[in-house]
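Trainee: Sharing data29.pdb here; it has PDB, C-alpha atoms, pLDDT in the B column.
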ATOM      1  CA  ALA E  28      13.088   3.922  -8.811  1.00 52.00           C
ATOM      2  CA  THR E  29      12.011   0.322  -9.324  1.00 62.00           C
ATOM      3  CA  TRP E  30      13.232   0.217 -12.927  1.00 62.00           C
ATOM      4  CA  LEU E  31      16.714   1.068 -11.691  1.00 66.00           C
ATOM      5  CA  ARG E  32      16.578  -1.810  -9.218  1.00 70.00           C
ATOM      6  CA  ALA E  33      15.494  -4.235 -11.957  1.00 72.00           C
ATOM      7  CA  ALA E  34      18.257  -3.055 -14.296  1.00 77.00           C
ATOM      8  CA  ALA E  35      20.792  -3.268 -11.492  1.00 79.00           C
ATOM      9  CA  GLU E  36      19.657  -6.811 -10.671  1.00 80.00           C
ATOM     10  CA  ARG E  37      20.198  -7.961 -14.268  1.00 85.00           C
ATOM     11  CA  ARG E  38      23.666  -6.439 -14.235  1.00 88.00           C
ATOM     12  CA  ARG E  39      24.472  -7.990 -10.838  1.00 87.00           C
ATOM     13  CA  TRP E  40      23.446 -11.399 -12.169  1.00 89.00           C
ATOM     14  CA  ARG E  41      25.623 -10.869 -15.245  1.00 93.00           C
ATOM     15  CA  SER E  42      28.621  -9.767 -13.165  1.00 94.00           C
ATOM     16  CA  ARG E  43      28.241 -12.637 -10.707  1.00 92.00           C
ATOM     17  CA  ARG E  44      27.859 -15.257 -13.447  1.00 93.00           C
ATOM     18  CA  ALA E  45      30.733 -13.857 -15.530  1.00 95.00           C
ATOM     19  CA  LYS E  46      33.003 -13.955 -12.493  1.00 95.00           C
ATOM     20  CA  GLU E  47      32.058 -17.603 -11.896  1.00 94.00           C
ATOM     21  CA  LEU E  48      32.933 -18.376 -15.518  1.00 94.00           C
ATOM     22  CA  GLY E  49      36.139 -16.325 -15.457  1.00 97.00           C
ATOM     23  CA  ILE E  50      35.093 -14.068 -18.333  1.00 96.00           C
ATOM     24  CA  ARG E  51      34.275 -10.392 -18.719  1.00 96.00           C
ATOM     25  CA  ALA E  52      30.641  -9.455 -18.142  1.00 95.00           C
ATOM     26  CA  TYR E  53      30.169  -7.995 -21.619  1.00 94.00           C
ATOM     27  CA  ARG E  54      31.237 -11.344 -23.107  1.00 94.00           C
ATOM     28  CA  LEU E  55      28.470 -13.101 -21.219  1.00 94.00           C
ATOM     29  CA  LEU E  56      25.758 -10.627 -22.279  1.00 94.00           C
ATOM     30  CA  PRO E  57      26.398  -7.256 -23.906  1.00 95.00           C
ATOM     31  CA  ASN E  58      24.472  -4.217 -22.657  1.00 92.00           C
ATOM     32  CA  ARG E  59      22.380  -4.265 -25.844  1.00 93.00           C
ATOM     33  CA  THR E  60      21.199  -7.747 -24.980  1.00 93.00           C
ATOM     34  CA  LEU E  61      20.319  -6.682 -21.433  1.00 90.00           C
ATOM     35  CA  ASP E  62      18.327  -3.787 -22.907  1.00 87.00           C
ATOM     36  CA  ALA E  63      16.585  -6.149 -25.351  1.00 88.00           C
ATOM     37  CA  LEU E  64      15.651  -8.413 -22.433  1.00 87.00           C
ATOM     38  CA  ALA E  65      14.007  -5.424 -20.721  1.00 83.00           C
ATOM     39  CA  ARG E  66      12.154  -4.495 -23.903  1.00 83.00           C
ATOM     40  CA  MET E  67      10.945  -7.963 -24.867  1.00 86.00           C
ATOM     41  CA  ARG E  68      10.392  -9.464 -21.387  1.00 85.00           C
ATOM     42  CA  PRO E  69      10.695 -13.108 -22.447  1.00 89.00           C
ATOM     43  CA  MET E  70       9.128 -15.619 -20.072  1.00 89.00           C
ATOM     44  CA  THR E  71       9.800 -18.849 -21.995  1.00 93.00           C
ATOM     45  CA  HIS E  72      12.810 -20.421 -23.662  1.00 95.00           C
ATOM     46  CA  ALA E  73      11.188 -19.918 -27.058  1.00 96.00           C
ATOM     47  CA  THR E  74      10.701 -16.182 -26.541  1.00 95.00           C
ATOM     48  CA  LEU E  75      14.150 -15.885 -24.958  1.00 95.00           C
ATOM     49  CA  LEU E  76      15.657 -17.141 -28.213  1.00 96.00           C
ATOM     50  CA  GLU E  77      13.907 -14.291 -30.050  1.00 96.00           C
ATOM     51  CA  VAL E  78      15.968 -11.710 -28.122  1.00 94.00           C
ATOM     52  CA  SER E  79      18.815 -10.250 -30.150  1.00 93.00           C
ATOM     53  CA  GLY E  80      22.068 -11.588 -28.724  1.00 94.00           C
ATOM     54  CA  ILE E  81      20.555 -14.768 -27.283  1.00 95.00           C
ATOM     55  CA  GLY E  82      21.264 -17.704 -29.529  1.00 95.00           C
ATOM     56  CA  ALA E  83      21.044 -21.426 -28.945  1.00 96.00           C
ATOM     57  CA  ALA E  84      24.342 -21.559 -27.022  1.00 95.00           C
ATOM     58  CA  ARG E  85      23.516 -18.702 -24.616  1.00 94.00           C
ATOM     59  CA  GLY E  86      19.937 -19.870 -24.299  1.00 94.00           C
ATOM     60  CA  SER E  87      21.061 -23.359 -23.376  1.00 95.00           C
ATOM     61  CA  ALA E  88      23.848 -22.271 -21.032  1.00 93.00           C
ATOM     62  CA  HIS E  89      22.108 -19.404 -19.236  1.00 93.00           C
ATOM     63  CA  GLY E  90      18.432 -19.520 -20.202  1.00 93.00           C
ATOM     64  CA  ASP E  91      17.083 -20.999 -16.980  1.00 93.00           C
ATOM     65  CA  GLU E  92      18.929 -18.442 -14.844  1.00 91.00           C
ATOM     66  CA  LEU E  93      17.953 -15.529 -17.075  1.00 89.00           C
ATOM     67  CA  LEU E  94      14.310 -16.541 -17.102  1.00 90.00           C
ATOM     68  CA  ALA E  95      14.313 -16.945 -13.311  1.00 88.00           C
ATOM     69  CA  CYS E  96      15.778 -13.451 -12.938  1.00 84.00           C
ATOM     70  CA  LEU E  97      13.204 -11.982 -15.338  1.00 83.00           C
ATOM     71  CA  ARG E  98      10.301 -13.835 -13.720  1.00 82.00           C
ATOM     72  CA  SER E  99      11.397 -12.645 -10.306  1.00 80.00           C
ATOM     73  CA  ALA E 100      11.428  -9.042 -11.507  1.00 74.00           C
ATOM     74  CA  GLU E 101       8.056  -9.521 -13.218  1.00 72.00           C
ATOM     75  CA  ALA E 102       6.512 -11.030 -10.074  1.00 71.00           C
ATOM     76  CA  GLY E 103       7.740  -8.077  -8.040  1.00 65.00           C
ATOM     77  CA  GLY E 104       6.233  -5.631 -10.521  1.00 56.00           C
ATOM     78  CA  LEU E 105       9.693  -4.294 -11.321  1.00 52.00           C
ATOM     79  CA  LEU E 106       9.379  -4.711 -15.070  1.00 50.00           C
ATOM     80  CA  ASP E 107       6.115  -2.771 -15.329  1.00 48.00           C
ATOM     81  CA  SER E 108       7.865   0.485 -14.606  1.00 45.00           C
ATOM     82  CA  LEU E 109      10.966  -0.074 -16.731  1.00 45.00           C
ATOM     83  CA  PRO E 110      11.546   2.491 -19.435  1.00 44.00           C
ATOM     84  CA  LEU E 111      11.909   0.702 -22.730  1.00 45.00           C
ATOM     85  CA  PRO E 112      15.335   1.307 -24.245  1.00 45.00           C
ATOM     86  CA  THR E 113      15.265   2.357 -27.866  1.00 48.00           C
ATOM     87  CA  ALA E 114      17.430   0.873 -30.590  1.00 50.00           C
ATOM     88  CA  ALA E 115      19.501   4.079 -30.506  1.00 47.00           C
ATOM     89  CA  ASP E 116      20.348   3.638 -26.784  1.00 43.00           C
TER
END
Using structure tokens, write down the structure that the file contains.
Mentor:
Amino acid sequence: ATWLRAAAERRRWRSRRAKELGIRAYRLLPNRTLDALARMRPMTHATLLEVSGIGAARGSAHGDELLACLRSAEAGGLLDSLPLPTAAD
């Protein structure tokens, strides 16, 4: 399904970027933060900073890449069919 492709793309980005930085993927962005990105669908730096797990440091270091990834998924209609994770997930 398309929501699986969008989720997989976020995780691929995280894995690729973490490898470049020489850190574990969960240190770059925990799964909860990836789920919050899917729920909130930020499209600007200001709204990105409202996502739990994205502070000033992560927003500054990775914000442009994250927003590009999210915008790409949005443009392809991938985010419209994403199931929204609940806080319990």
Trainee: Skip E:Leu94 itself and residues of its chain fewer than 6 positions away, then list as an MDAnalysis selection string all residues within 10 Å of it, counting only C-alpha atoms.
Mentor: chainID E and resid 64 68:72 75 86 100
Trainee: Hey, can you check how far atom CA of E:Ser79 sits from atom CA of E:Leu48?
Mentor: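 One can read the atom CA of E:Ser79 to atom CA of E:Leu48 distance as 21.9 Å.
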Trainee: Restricting the calculation to all atoms listed in the file, which member of E:Arg85, E:Arg43, E:Arg98, E:Arg32 is positioned closest to E:Thr60?
Mentor: E:Arg85
Trainee: Quick one, how far is atom CA of E:Leu55 from atom CA of E:Met67?
Mentor: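 Going from atom CA of E:Leu55 over to atom CA of E:Met67, I get 18.6 Å.
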Trainee: Report the distance between atom CA of E:Val78 and atom CA of E:Glu47 in Å, rounded to one decimal place.
Mentor: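 Value for the atom CA of E:Val78-atom CA of E:Glu47 distance: 23.6 Å.
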Trainee: Could you name the residues that touch E:Trp40 at 10 Å or less, counting all atoms listed in the file, but leaving out those on the same chain fewer than 3 positions away, as a ChimeraX atom specification?
Mentor: /E:35-37,43-46,52,92-93,96
